[in-house]
file work-v1.pdb (PDB, C-alpha atoms and all ligand atoms)
ATOM      1  CA  MET A  24       2.177 -19.654  -3.959
ATOM      2  CA  VAL A  25       3.360 -16.805  -1.717
ATOM      3  CA  GLU A  26       3.835 -13.509  -3.596
ATOM      4  CA  ASP A  27       6.933 -11.391  -2.985
ATOM      5  CA  VAL A  28       5.799  -7.771  -2.657
ATOM      6  CA  ILE A  29       7.220  -4.309  -2.053
ATOM      7  CA  ILE A  30       4.880  -1.645  -0.692
ATOM      8  CA  ASP A  31       5.668   1.956  -1.702
ATOM      9  CA  THR A  32       3.651   4.229   0.551
ATOM     10  CA  ASP A  33       2.826   7.808   1.581
ATOM     11  CA  ILE A  34       1.807   6.595   5.058
ATOM     12  CA  GLY A  35       0.892   9.421   7.412
ATOM     13  CA  ASP A  36      -1.783  11.475   5.645
ATOM     14  CA  ASP A  37      -4.802   9.345   4.799
ATOM     15  CA  ILE A  38      -5.251   6.430   7.202
ATOM     16  CA  ASP A  39      -5.578   3.731   4.547
ATOM     17  CA  ASP A  40      -1.805   3.312   4.051
ATOM     18  CA  ALA A  41      -1.403   2.135   7.664
ATOM     19  CA  PHE A  42      -4.312  -0.262   7.190
ATOM     20  CA  ALA A  43      -2.784  -1.487   3.919
ATOM     21  CA  LEU A  44       0.523  -2.330   5.606
ATOM     22  CA  ALA A  45      -1.260  -4.030   8.500
ATOM     23  CA  PHE A  46      -3.455  -6.011   6.110
ATOM     24  CA  ALA A  47      -0.419  -7.116   4.051
ATOM     25  CA  LEU A  48       1.486  -8.213   7.170
ATOM     26  CA  ASN A  49      -1.489 -10.314   8.303
ATOM     27  CA  SER A  50      -1.941 -11.938   4.853
ATOM     28  CA  SER A  51      -0.154 -15.281   4.546
ATOM     29  CA  GLU A  52      -0.369 -15.088   0.731
ATOM     30  CA  LEU A  53       2.208 -12.266   0.810
ATOM     31  CA  ASN A  54       5.888 -12.024   1.660
ATOM     32  CA  VAL A  55       6.590  -8.319   2.261
ATOM     33  CA  LYS A  56      10.202  -7.938   1.107
ATOM     34  CA  ALA A  57      10.507  -4.166   1.616
ATOM     35  CA  VAL A  58       8.594  -0.998   2.432
ATOM     36  CA  THR A  59       9.533   2.337   0.846
ATOM     37  CA  THR A  60       8.214   5.835   1.419
ATOM     38  CA  VAL A  61       7.364   8.591  -1.035
ATOM     39  CA  PHE A  62       6.078  12.178  -1.306
ATOM     40  CA  GLY A  63       6.591  15.135   1.009
ATOM     41  CA  LYS A  64       8.044  14.556   4.481
ATOM     42  CA  VAL A  65       9.423  11.139   3.646
ATOM     43  CA  GLU A  66      11.635  10.799   6.753
ATOM     44  CA  VAL A  67       8.546  11.096   8.964
ATOM     45  CA  ARG A  68       6.688   8.579   6.799
ATOM     46  CA  THR A  69       9.647   6.176   7.169
ATOM     47  CA  LYS A  70       9.480   6.489  10.976
ATOM     48  CA  LEU A  71       5.761   5.739  10.910
ATOM     49  CA  ALA A  72       6.351   2.644   8.764
ATOM     50  CA  LEU A  73       9.160   1.495  11.096
ATOM     51  CA  LYS A  74       6.908   1.931  14.124
ATOM     52  CA  LEU A  75       4.100  -0.017  12.503
ATOM     53  CA  LEU A  76       6.393  -2.873  11.431
ATOM     54  CA  LYS A  77       7.938  -2.995  14.923
ATOM     55  CA  THR A  78       4.467  -3.267  16.462
ATOM     56  CA  PHE A  79       3.770  -6.216  14.149
ATOM     57  CA  GLY A  80       7.088  -7.812  15.214
ATOM     58  CA  ARG A  81       8.479  -7.366  11.689
ATOM     59  CA  GLU A  82      11.697  -5.450  12.297
ATOM     60  CA  ASP A  83      13.275  -7.782   9.721
ATOM     61  CA  ILE A  84      11.561  -5.924   6.834
ATOM     62  CA  PRO A  85      13.737  -3.087   5.488
ATOM     63  CA  VAL A  86      12.157   0.376   5.269
ATOM     64  CA  ALA A  87      13.837   2.896   2.963
ATOM     65  CA  THR A  88      13.180   6.588   2.469
ATOM     66  CA  GLY A  89      12.361   7.653  -1.077
ATOM     67  CA  VAL A  90      11.822  10.782  -3.145
ATOM     68  CA  GLY A  91       9.953  13.613  -1.443
ATOM     69  CA  LYS A  92       9.470  15.964  -4.360
ATOM     70  CA  PRO A  93       7.562  15.281  -7.549
ATOM     71  CA  PHE A  94       9.406  15.526 -10.877
ATOM     72  CA  PHE A  95       7.938  18.999 -11.470
ATOM     73  CA  GLU A  96       6.833  20.753  -8.334
ATOM     74  CA  ARG A  97       3.618  22.601  -9.019
ATOM     75  CA  THR A  98       1.043  23.983  -6.661
ATOM     76  CA  TYR A  99      -1.827  21.735  -5.684
ATOM     77  CA  ARG A 100      -4.677  22.369  -3.289
ATOM     78  CA  ARG A 101      -5.380  26.042  -2.737
ATOM     79  CA  GLU A 102      -1.935  27.061  -4.046
ATOM     80  CA  ARG A 103      -0.070  25.095  -1.357
ATOM     81  CA  TYR A 104       2.351  22.306  -2.058
ATOM     82  CA  LEU A 105       0.742  19.558  -0.047
ATOM     83  CA  GLY A 106       4.027  17.747   0.455
ATOM     84  CA  ASN A 107       5.263  20.512   2.811
ATOM     85  CA  GLU A 108       2.844  19.467   5.511
ATOM     86  CA  VAL A 109       3.905  17.168   8.363
ATOM     87  CA  PRO A 110       1.834  13.967   8.157
ATOM     88  CA  ARG A 111      -0.905  14.174  10.771
ATOM     89  CA  GLN A 112      -0.370  10.655  12.053
ATOM     90  CA  ALA A 113       3.096  11.720  13.268
ATOM     91  CA  VAL A 114       1.364  12.356  16.626
ATOM     92  CA  VAL A 115       1.962   8.667  17.409
ATOM     93  CA  LEU A 116       5.745   9.129  17.200
ATOM     94  CA  VAL A 117       7.216   9.556  20.666
ATOM     95  CA  GLU A 118      10.476  11.488  21.013
ATOM     96  CA  ASP A 119      13.485   9.220  21.766
ATOM     97  CA  GLU A 120      11.382   6.110  21.188
ATOM     98  CA  PRO A 121      13.779   3.334  20.154
ATOM     99  CA  LEU A 122      12.853   2.424  16.589
ATOM    100  CA  PRO A 123      14.721   0.228  14.125
ATOM    101  CA  LYS A 124      17.000   2.198  11.791
ATOM    102  CA  PRO A 125      15.846   2.958   8.256
ATOM    103  CA  TYR A 126      17.574   1.002   5.471
ATOM    104  CA  PRO A 127      20.871   2.844   4.830
ATOM    105  CA  LYS A 128      20.350   3.297   1.074
ATOM    106  CA  HIS A 129      17.761   5.182  -0.965
ATOM    107  CA  ALA A 130      14.340   3.608  -1.584
ATOM    108  CA  VAL A 131      14.990   3.576  -5.339
ATOM    109  CA  ASP A 132      18.086   1.422  -4.782
ATOM    110  CA  LEU A 133      16.274  -0.893  -2.371
ATOM    111  CA  ILE A 134      13.434  -1.431  -4.861
ATOM    112  CA  ILE A 135      15.856  -2.079  -7.749
ATOM    113  CA  SER A 136      18.069  -4.509  -5.819
ATOM    114  CA  THR A 137      15.086  -6.352  -4.318
ATOM    115  CA  VAL A 138      13.562  -6.880  -7.771
ATOM    116  CA  MET A 139      16.739  -7.580  -9.742
ATOM    117  CA  ASP A 140      18.232  -9.969  -7.130
ATOM    118  CA  SER A 141      15.021 -11.961  -6.727
ATOM    119  CA  ARG A 142      14.513 -15.328  -8.410
ATOM    120  CA  ASN A 143      10.744 -14.751  -8.449
ATOM    121  CA  GLU A 144       8.806 -12.004 -10.124
ATOM    122  CA  VAL A 145       8.208  -9.255  -7.546
ATOM    123  CA  THR A 146       4.942  -7.328  -7.287
ATOM    124  CA  ILE A 147       5.363  -3.681  -6.373
ATOM    125  CA  ILE A 148       2.299  -2.097  -4.785
ATOM    126  CA  PRO A 149       2.567   1.706  -5.077
ATOM    127  CA  VAL A 150      -0.054   3.392  -2.903
ATOM    128  CA  GLY A 151       1.230   6.978  -3.105
ATOM    129  CA  ALA A 152       2.638   9.218  -5.850
ATOM    130  CA  LEU A 153       4.555   7.269  -8.502
ATOM    131  CA  THR A 154       7.814   9.251  -8.130
ATOM    132  CA  ASN A 155       9.938   6.397  -6.715
ATOM    133  CA  ILE A 156       8.686   3.925  -9.303
ATOM    134  CA  ALA A 157       9.371   6.263 -12.233
ATOM    135  CA  ALA A 158      12.866   6.944 -10.848
ATOM    136  CA  CYS A 159      13.487   3.167 -10.577
ATOM    137  CA  ILE A 160      12.453   2.620 -14.197
ATOM    138  CA  ILE A 161      14.740   5.434 -15.369
ATOM    139  CA  LYS A 162      17.667   4.103 -13.327
ATOM    140  CA  GLU A 163      17.136   0.410 -14.158
ATOM    141  CA  PRO A 164      15.044  -0.008 -17.336
ATOM    142  CA  LYS A 165      15.204  -3.842 -17.012
ATOM    143  CA  LEU A 166      12.936  -3.518 -13.969
ATOM    144  CA  VAL A 167       9.945  -3.505 -16.335
ATOM    145  CA  GLU A 168      10.744  -7.114 -17.327
ATOM    146  CA  ARG A 169      11.219  -8.352 -13.754
ATOM    147  CA  ALA A 170       8.395  -6.749 -11.787
ATOM    148  CA  LYS A 171       4.708  -6.003 -12.059
ATOM    149  CA  LEU A 172       2.694  -3.247 -10.441
ATOM    150  CA  VAL A 173      -0.625  -3.159  -8.656
ATOM    151  CA  ILE A 174      -1.203   0.585  -8.412
ATOM    152  CA  MET A 175      -3.714   2.372  -6.202
ATOM    153  CA  GLY A 176      -4.262   5.484  -8.251
ATOM    154  CA  GLY A 177      -6.217   7.236 -10.942
ATOM    155  CA  ALA A 178      -9.846   6.758 -11.873
ATOM    156  CA  VAL A 179     -11.534   5.870 -15.143
ATOM    157  CA  SER A 180     -15.058   6.992 -14.341
ATOM    158  CA  ASN A 181     -16.272   9.974 -12.401
ATOM    159  CA  TRP A 182     -15.809   9.349  -8.677
ATOM    160  CA  PHE A 183     -16.535  12.820  -7.320
ATOM    161  CA  ARG A 184     -19.930  14.223  -8.311
ATOM    162  CA  PRO A 185     -21.853  13.442 -11.489
ATOM    163  CA  THR A 186     -21.206  16.964 -12.758
ATOM    164  CA  VAL A 187     -17.715  17.658 -11.372
ATOM    165  CA  SER A 188     -14.555  15.702 -12.177
ATOM    166  CA  ARG A 189     -11.379  15.715 -10.122
ATOM    167  CA  ALA A 190      -8.023  14.063 -10.531
ATOM    168  CA  GLU A 191      -7.189  11.306  -8.057
ATOM    169  CA  HIS A 192      -4.644  12.346  -5.391
ATOM    170  CA  ASN A 193      -1.767   9.884  -6.032
ATOM    171  CA  ILE A 194      -1.622  10.667  -9.751
ATOM    172  CA  ARG A 195      -2.209  14.389  -9.176
ATOM    173  CA  CYS A 196       0.760  14.552  -6.781
ATOM    174  CA  ASP A 197       3.144  13.619  -9.611
ATOM    175  CA  PRO A 198       1.504  13.318 -13.046
ATOM    176  CA  GLU A 199       4.855  13.255 -14.902
ATOM    177  CA  ALA A 200       6.011  10.254 -12.856
ATOM    178  CA  ALA A 201       2.683   8.519 -13.467
ATOM    179  CA  ARG A 202       3.037   9.096 -17.190
ATOM    180  CA  ILE A 203       6.544   7.599 -17.224
ATOM    181  CA  VAL A 204       5.258   4.523 -15.390
ATOM    182  CA  PHE A 205       2.171   3.996 -17.585
ATOM    183  CA  GLU A 206       4.237   4.434 -20.764
ATOM    184  CA  SER A 207       7.094   2.156 -19.595
ATOM    185  CA  GLY A 208       5.673  -1.215 -20.621
ATOM    186  CA  ILE A 209       5.735  -2.635 -17.077
ATOM    187  CA  PRO A 210       2.685  -4.865 -16.413
ATOM    188  CA  ILE A 211       0.142  -2.784 -14.481
ATOM    189  CA  THR A 212      -3.078  -3.512 -12.651
ATOM    190  CA  MET A 213      -4.760  -0.210 -11.851
ATOM    191  CA  VAL A 214      -7.007  -0.043  -8.786
ATOM    192  CA  GLY A 215      -8.614   3.363  -9.187
ATOM    193  CA  LEU A 216     -10.531   5.609  -6.859
ATOM    194  CA  ASP A 217     -13.862   5.044  -8.628
ATOM    195  CA  VAL A 218     -13.606   1.416  -7.413
ATOM    196  CA  THR A 219     -11.959   1.898  -4.006
ATOM    197  CA  MET A 220     -14.612   4.461  -2.996
ATOM    198  CA  LYS A 221     -17.011   1.494  -2.740
ATOM    199  CA  CYS A 222     -14.971  -0.002   0.121
ATOM    200  CA  ALA A 223     -15.668   1.974   3.300
ATOM    201  CA  LEU A 224     -15.639   0.745   6.899
ATOM    202  CA  SER A 225     -18.775   1.303   8.960
ATOM    203  CA  GLU A 226     -18.558   3.067  12.337
ATOM    204  CA  GLU A 227     -19.162  -0.319  13.987
ATOM    205  CA  GLN A 228     -16.217  -1.846  12.147
ATOM    206  CA  VAL A 229     -13.906   1.020  13.179
ATOM    207  CA  ASP A 230     -15.209   0.568  16.709
ATOM    208  CA  SER A 231     -14.479  -3.160  16.713
ATOM    209  CA  ILE A 232     -10.853  -2.397  15.753
ATOM    210  CA  ARG A 233     -10.704   0.126  18.634
ATOM    211  CA  LYS A 234     -12.068  -2.411  21.126
ATOM    212  CA  ARG A 235      -9.892  -5.349  20.011
ATOM    213  CA  GLY A 236      -7.056  -4.355  22.379
ATOM    214  CA  LEU A 237      -4.034  -5.850  20.569
ATOM    215  CA  ALA A 238      -0.853  -3.728  20.326
ATOM    216  CA  THR A 239      -1.419  -3.667  16.538
ATOM    217  CA  THR A 240      -5.063  -2.556  16.652
ATOM    218  CA  THR A 241      -4.271  -0.011  19.376
ATOM    219  CA  LEU A 242      -1.590   1.592  17.183
ATOM    220  CA  LEU A 243      -3.996   1.637  14.220
ATOM    221  CA  THR A 244      -6.602   3.284  16.457
ATOM    222  CA  TYR A 245      -4.139   6.006  17.567
ATOM    223  CA  MET A 246      -3.143   6.584  13.950
ATOM    224  CA  THR A 247      -6.815   6.845  12.983
ATOM    225  CA  ALA A 248      -7.321   9.455  15.717
ATOM    226  CA  GLY A 249      -4.248  11.410  14.480
ATOM    227  CA  TRP A 250      -5.626  11.338  10.949
ATOM    228  CA  GLY A 251      -8.899  12.746  12.241
ATOM    229  CA  GLY A 252     -11.023  11.911   9.197
ATOM    230  CA  SER A 253     -14.599  10.796   9.409
ATOM    231  CA  ARG A 254     -14.827   7.874   6.969
ATOM    232  CA  VAL A 255     -12.225   5.122   6.633
ATOM    233  CA  ILE A 256     -12.106   4.138   2.966
ATOM    234  CA  LEU A 257      -9.936   1.161   2.055
ATOM    235  CA  HIS A 258      -8.244   2.543  -1.085
ATOM    236  CA  ASP A 259      -4.749   1.142  -0.492
ATOM    237  CA  PRO A 260      -5.805  -2.131   1.210
ATOM    238  CA  LEU A 261      -7.817  -2.985  -1.923
ATOM    239  CA  ALA A 262      -4.647  -2.771  -4.043
ATOM    240  CA  VAL A 263      -2.926  -5.099  -1.556
ATOM    241  CA  ALA A 264      -5.849  -7.550  -1.772
ATOM    242  CA  VAL A 265      -5.901  -7.478  -5.589
ATOM    243  CA  SER A 266      -2.184  -8.400  -5.610
ATOM    244  CA  PHE A 267      -3.064 -11.891  -4.307
ATOM    245  CA  ASP A 268      -6.766 -12.190  -5.196
ATOM    246  CA  PRO A 269      -7.683 -10.420  -8.448
ATOM    247  CA  THR A 270     -11.097 -12.156  -8.390
ATOM    248  CA  LEU A 271     -12.214  -9.547  -5.842
ATOM    249  CA  THR A 272     -12.558  -7.089  -8.714
ATOM    250  CA  LYS A 273     -13.827  -7.041 -12.280
ATOM    251  CA  SER A 274     -11.223  -5.641 -14.665
ATOM    252  CA  GLN A 275     -10.651  -4.884 -18.337
ATOM    253  CA  PRO A 276      -7.561  -4.232 -20.455
ATOM    254  CA  ARG A 277      -7.308  -0.518 -21.300
ATOM    255  CA  LEU A 278      -4.873   2.011 -22.712
ATOM    256  CA  VAL A 279      -4.431   4.530 -19.888
ATOM    257  CA  ASN A 280      -3.080   7.990 -20.705
ATOM    258  CA  VAL A 281      -2.048  10.374 -17.947
ATOM    259  CA  VAL A 282      -2.834  14.026 -18.664
ATOM    260  CA  THR A 283       0.039  16.320 -17.626
ATOM    261  CA  THR A 284      -1.164  19.712 -18.887
ATOM    262  CA  GLY A 285      -4.126  22.045 -18.526
ATOM    263  CA  LYS A 286      -7.137  21.755 -16.276
ATOM    264  CA  ALA A 287      -7.236  17.967 -16.610
ATOM    265  CA  ARG A 288      -3.654  17.616 -15.261
ATOM    266  CA  GLY A 289      -3.506  14.375 -13.274
ATOM    267  CA  PHE A 290      -6.515  12.748 -14.929
ATOM    268  CA  THR A 291      -6.190   9.185 -16.193
ATOM    269  CA  LEU A 292      -8.021   8.656 -19.487
ATOM    270  CA  ALA A 293      -8.719   5.046 -20.381
ATOM    271  CA  SER A 294      -9.697   3.802 -23.818
ATOM    272  CA  GLU A 295     -10.173   0.460 -25.543
ATOM    273  CA  SER A 296      -7.134  -0.388 -27.618
ATOM    274  CA  ASP A 297      -5.271  -3.209 -29.352
ATOM    275  CA  THR A 298      -2.255  -2.131 -27.313
ATOM    276  CA  PRO A 299      -3.489  -1.799 -23.715
ATOM    277  CA  ASN A 300      -0.972  -0.818 -21.020
ATOM    278  CA  ALA A 301      -3.013  -1.731 -17.941
ATOM    279  CA  GLN A 302      -5.591  -4.093 -16.550
ATOM    280  CA  VAL A 303      -8.050  -1.587 -15.109
ATOM    281  CA  CYS A 304     -10.388  -2.529 -12.249
ATOM    282  CA  ILE A 305     -13.915  -1.355 -12.914
ATOM    283  CA  ASP A 306     -15.861  -2.956 -10.059
ATOM    284  CA  VAL A 307     -15.316  -4.738  -6.739
ATOM    285  CA  ASP A 308     -17.078  -7.290  -4.554
ATOM    286  CA  SER A 309     -16.861  -4.864  -1.642
ATOM    287  CA  ASP A 310     -18.695  -7.088   0.869
ATOM    288  CA  ARG A 311     -16.276  -9.981   0.338
ATOM    289  CA  PHE A 312     -13.264  -7.668   0.430
ATOM    290  CA  VAL A 313     -14.285  -5.700   3.547
ATOM    291  CA  SER A 314     -15.100  -8.867   5.456
ATOM    292  CA  MET A 315     -11.724 -10.416   4.467
ATOM    293  CA  PHE A 316     -10.028  -7.167   5.541
ATOM    294  CA  MET A 317     -11.754  -7.065   8.937
ATOM    295  CA  LYS A 318     -10.921 -10.711   9.774
ATOM    296  CA  ARG A 319      -7.254 -10.114   9.057
ATOM    297  CA  ILE A 320      -6.971  -6.762  10.848
ATOM    298  CA  LEU A 321      -8.556  -8.175  13.993
ATOM    299  CA  LYS A 322      -6.270 -11.207  14.253
ATOM    300  CA  SER A 323      -2.986 -11.324  16.156
ATOM    301  CA  PRO A 324       0.032 -10.930  13.866
ATOM    302  CA  ASN A 325       1.472 -14.209  12.516
TER     303      ASN A 325
HETATM  304  O1  LIG A 401      -6.824   8.881  -3.598
HETATM  305  C1  LIG A 401      -6.599   7.946  -2.600
HETATM  306  C2  LIG A 401      -5.111   7.803  -2.328
HETATM  307  O2  LIG A 401      -4.594   9.048  -1.823
HETATM  308  C3  LIG A 401      -4.782   6.772  -1.285
HETATM  309  O3  LIG A 401      -3.569   6.152  -1.601
HETATM  310  C4  LIG A 401      -4.645   7.607  -0.047
HETATM  311  O4  LIG A 401      -3.844   6.964   0.922
HETATM  312  C5  LIG A 401      -4.003   8.873  -0.555
HETATM  313  O5  LIG A 401      -2.622   8.699  -0.682
HETATM  314 CA    CA A 402      -1.729   6.245   0.119
END
call {"tool": "encode", "arguments": {"input": "work-v1.pdb", "output": "structure tokens"}}
result
Amino acid sequence: MVEDVIIDTDIGDDIDDAFALAFALNSSELNVKAVTTVFGKVEVRTKLALKLLKTFGREDIPVATGVGKPFFERTYRRERYLGNEVPRQAVVLVEDEPLPKPYPKHAVDLIISTVMDSRNEVTIIPVGALTNIAACIIKEPKLVERAKLVIMGGAVSNWFRPTVSRAEHNIRCDPEAARIVFESGIPITMVGLDVTMKCALSEEQVDSIRKRGLATTTLLTYMTAGWGGSRVILHDPLAVAVSFDPTLTKSQPRLVNVVTTGKARGFTLASESDTPNAQVCIDVDSDRFVSMFMKRILKSPN
């Protein structure tokens, strides 16, 4: 069966959001009903999503701009608010380039209407801060009975260095929103950073995307250059893959608590419980996933 999905993204900073959208569009198991943007310069992120969808010939998919600011704006990363920065991949946006118009209503309203008007259960795949999703749940509490989430975010084991812990970016960008979502009762699969870190592309794989020469792979290559990072890690594409093939990962039911205060602000603490709130991925068959990803990225759009 084809899954109806909504992708909620902070496309523009890390390169994996663009790859996640591309991977979803080239996956016949998925019907992408909407794309929504979140965190920081959301209008620019919306333009990037519109450009990517246009390049894939999918101007029919609505793209709506969401919430730019976290529930409580606090400093993050050397006392700067990261969301003030223009996404680096905006270098691919050409002035006066004709792009489809963004959806005329707010992302929160597009997510709610898409879920509530659908006959099927909709899977929402949030791959940025959880601000839009928390706002949806506050505005339409029945959403938790009609949708499920496959979240790229958090971590349940140390992903940084054995002796140093760090909060994962998407949760750290809006811990209050994450807490609302995890405490809401909506079915959640959590694809955390400790698992996604195992899914990196080799230089040869990045090179084969560069050499492929399709309009889609050329755009992805320009976006990768704008991003400027050295290692492409498939955080967000793994969440997309898990939405239609959970057998790619090993997972366990856990009670996940989001820490909102003190030095551990943004950490996700997972414990065994009789009342779990999430199915937490703990391992991945990275070879199978990366090879599936590469095949789909290199093919012409459907
Ligand atoms: O921590 C990884 C996450 O942060 C990914 O979603 C990446 O795109 C960035 O948003
Ligand atoms: Ca992301």
call {"tool": "closest_residue", "arguments": {"input": "work-v1.pdb", "among": "A:Gly151, A:Gly35, A:Pro85, A:Pro276", "to": "Lys56 in chain A", "atoms": "all atoms listed in the file"}}
result
A:Pro85
call {"tool": "residues_near_ligand", "arguments": {"input": "work-v1.pdb", "ligand": "ligand LIG 401 (chain A)", "cutoff": "8 Å", "atoms": "all atoms listed in the file", "output": "PyMOL selection string"}}
result
chain A and resi 32-34+36-40+150-152+175-177+191-193+216+258-259
call {"tool": "resolve_selection", "arguments": {"input": "work-v1.pdb", "expression": "the PyMOL selection byres (((chain A and resi 237) around 12) and not hetatm)", "output": "number ranges by chain"}}
result
A: 78-79, 231-236, 238-244, 320-324
call {"tool": "atom_distance", "arguments": {"input": "work-v1.pdb", "atom1": "CA of Ala190 in chain A", "atom2": "CA of Val61 in chain A"}}
result
18.9 Å
call {"tool": "residues_around", "arguments": {"input": "work-v1.pdb", "residues": "Ile161 in chain A", "least_positions_apart": "6", "cutoff": "10 Å", "atoms": "all atoms listed in the file", "output": "JSON, numbers by chain"}}
result
{"A": [155, 203, 204, 207]}
call {"tool": "atom_distance", "arguments": {"input": "work-v1.pdb", "atom1": "CA of Ala200 in chain A", "atom2": "CA of Leu153 in chain A"}}
result
5.5 Å
call {"tool": "axis_aligned_box", "arguments": {"input": "work-v1.pdb", "around": "range 282-289 of chain A", "padding_each_side": "5 Å", "output": "lines of an AutoDock Vina configuration file"}}
result
center_x = -3.6
center_y = 18.0
center_z = -16.1
size_x = 17.3
size_y = 18.0
size_z = 15.6
call {"tool": "resolve_selection", "arguments": {"input": "work-v1.pdb", "expression": "the PyMOL selection byres (((chain A and resi 70-75) around 8) and not hetatm)", "output": "list of chain:residue names"}}
result
A:Ile34, A:Gly35, A:Ala41, A:Ala45, A:Val58, A:Glu66, A:Val67, A:Arg68, A:Thr69, A:Leu76, A:Lys77, A:Thr78, A:Phe79, A:Glu82, A:Val86, A:Gln112, A:Ala113, A:Leu116, A:Leu122, A:Pro123, A:Lys124, A:Pro125, A:Thr239, A:Leu242
call {"tool": "resolve_selection", "arguments": {"input": "work-v1.pdb", "expression": "the PyMOL selection byres (((chain A and resi 30) around 9) and not hetatm)", "output": "ChimeraX atom specification"}}
result
/A:28-29,31-32,43-44,47,55-60,146-150,263
call {"tool": "closest_residue", "arguments": {"input": "work-v1.pdb", "among": "A:Ser188, A:Thr283, A:Thr219, A:Ser294", "to": "ligand CA 402 (chain A)", "atoms": "all atoms listed in the file"}}
result
A:Thr219
call {"tool": "closest_residue", "arguments": {"input": "work-v1.pdb", "among": "A:Glu118, A:Ile194, A:Val25, A:Ser50", "to": "ligand CA 402 (chain A)", "atoms": "only C-alpha atoms and all ligand atoms"}}
result
A:Ile194
call {"tool": "residues_near_point", "arguments": {"input": "work-v1.pdb", "point": "(-10.7, 10.5, -20.9)", "cutoff": "9 Å", "atoms": "all atoms listed in the file", "output": "MDAnalysis selection string"}}
result
chainID A and resid 179:180 279:280 282 290:294
call {"tool": "closest_residue", "arguments": {"input": "work-v1.pdb", "among": "A:Ser51, A:Ala87, A:Thr247, A:Phe62", "to": "ligand CA 402 (chain A)", "atoms": "all atoms listed in the file"}}
result
A:Phe62
call {"tool": "atom_distance", "arguments": {"input": "work-v1.pdb", "atom1": "CA of Thr298 in chain A", "atom2": "CA of Ala201 in chain A"}}
result
18.2 Å
call {"tool": "decode", "arguments": {"input": "work-v1.pdb", "residues": "range 29-40 of chain A", "atoms": "N, CA, C and O atoms", "output": "PDB file, in the first residue's frame"}}
result
ATOM      1  N   ILE A  29       3.527  13.602   4.865  1.00  0.00           N
ATOM      2  CA  ILE A  29       3.839  15.040   4.855  1.00  0.00           C
ATOM      3  C   ILE A  29       5.264  15.155   5.366  1.00  0.00           C
ATOM      4  O   ILE A  29       5.617  14.532   6.374  1.00  0.00           O
ATOM      5  N   ILE A  30       6.085  15.947   4.683  1.00  0.00           N
ATOM      6  CA  ILE A  30       7.467  16.126   5.147  1.00  0.00           C
ATOM      7  C   ILE A  30       7.612  17.553   5.685  1.00  0.00           C
ATOM      8  O   ILE A  30       7.336  18.526   4.974  1.00  0.00           O
ATOM      9  N   ASP A  31       8.009  17.661   6.943  1.00  0.00           N
ATOM     10  CA  ASP A  31       8.179  18.958   7.612  1.00  0.00           C
ATOM     11  C   ASP A  31       9.683  19.176   7.781  1.00  0.00           C
ATOM     12  O   ASP A  31      10.335  18.453   8.525  1.00  0.00           O
ATOM     13  N   THR A  32      10.224  20.182   7.097  1.00  0.00           N
ATOM     14  CA  THR A  32      11.672  20.224   6.902  1.00  0.00           C
ATOM     15  C   THR A  32      12.311  21.579   7.202  1.00  0.00           C
ATOM     16  O   THR A  32      11.686  22.629   6.995  1.00  0.00           O
ATOM     17  N   ASP A  33      13.578  21.534   7.634  1.00  0.00           N
ATOM     18  CA  ASP A  33      14.391  22.765   7.740  1.00  0.00           C
ATOM     19  C   ASP A  33      15.415  22.766   6.598  1.00  0.00           C
ATOM     20  O   ASP A  33      16.589  23.093   6.812  1.00  0.00           O
ATOM     21  N   ILE A  34      14.975  22.424   5.419  1.00  0.00           N
ATOM     22  CA  ILE A  34      15.857  22.385   4.232  1.00  0.00           C
ATOM     23  C   ILE A  34      16.658  23.687   4.114  1.00  0.00           C
ATOM     24  O   ILE A  34      16.127  24.769   4.340  1.00  0.00           O
ATOM     25  N   GLY A  35      17.933  23.543   3.797  1.00  0.00           N
ATOM     26  CA  GLY A  35      18.756  24.734   3.567  1.00  0.00           C
ATOM     27  C   GLY A  35      20.041  24.767   4.374  1.00  0.00           C
ATOM     28  O   GLY A  35      21.021  25.368   3.939  1.00  0.00           O
ATOM     29  N   ASP A  36      20.046  24.161   5.562  1.00  0.00           N
ATOM     30  CA  ASP A  36      21.273  24.163   6.366  1.00  0.00           C
ATOM     31  C   ASP A  36      22.064  22.898   6.056  1.00  0.00           C
ATOM     32  O   ASP A  36      22.918  22.884   5.194  1.00  0.00           O
ATOM     33  N   ASP A  37      21.751  21.820   6.766  1.00  0.00           N
ATOM     34  CA  ASP A  37      22.413  20.549   6.458  1.00  0.00           C
ATOM     35  C   ASP A  37      21.844  20.043   5.117  1.00  0.00           C
ATOM     36  O   ASP A  37      20.693  20.324   4.771  1.00  0.00           O
ATOM     37  N   ILE A  38      22.637  19.287   4.408  1.00  0.00           N
ATOM     38  CA  ILE A  38      22.238  18.875   3.047  1.00  0.00           C
ATOM     39  C   ILE A  38      21.227  17.722   3.051  1.00  0.00           C
ATOM     40  O   ILE A  38      20.546  17.456   2.050  1.00  0.00           O
ATOM     41  N   ASP A  39      21.103  17.036   4.184  1.00  0.00           N
ATOM     42  CA  ASP A  39      20.300  15.807   4.173  1.00  0.00           C
ATOM     43  C   ASP A  39      18.812  16.039   3.963  1.00  0.00           C
ATOM     44  O   ASP A  39      18.103  15.144   3.508  1.00  0.00           O
ATOM     45  N   ASP A  40      18.302  17.251   4.253  1.00  0.00           N
ATOM     46  CA  ASP A  40      16.876  17.511   3.999  1.00  0.00           C
ATOM     47  C   ASP A  40      16.572  17.447   2.497  1.00  0.00           C
ATOM     48  O   ASP A  40      15.558  16.873   2.086  1.00  0.00           O
TER      49      ASP A  40
END
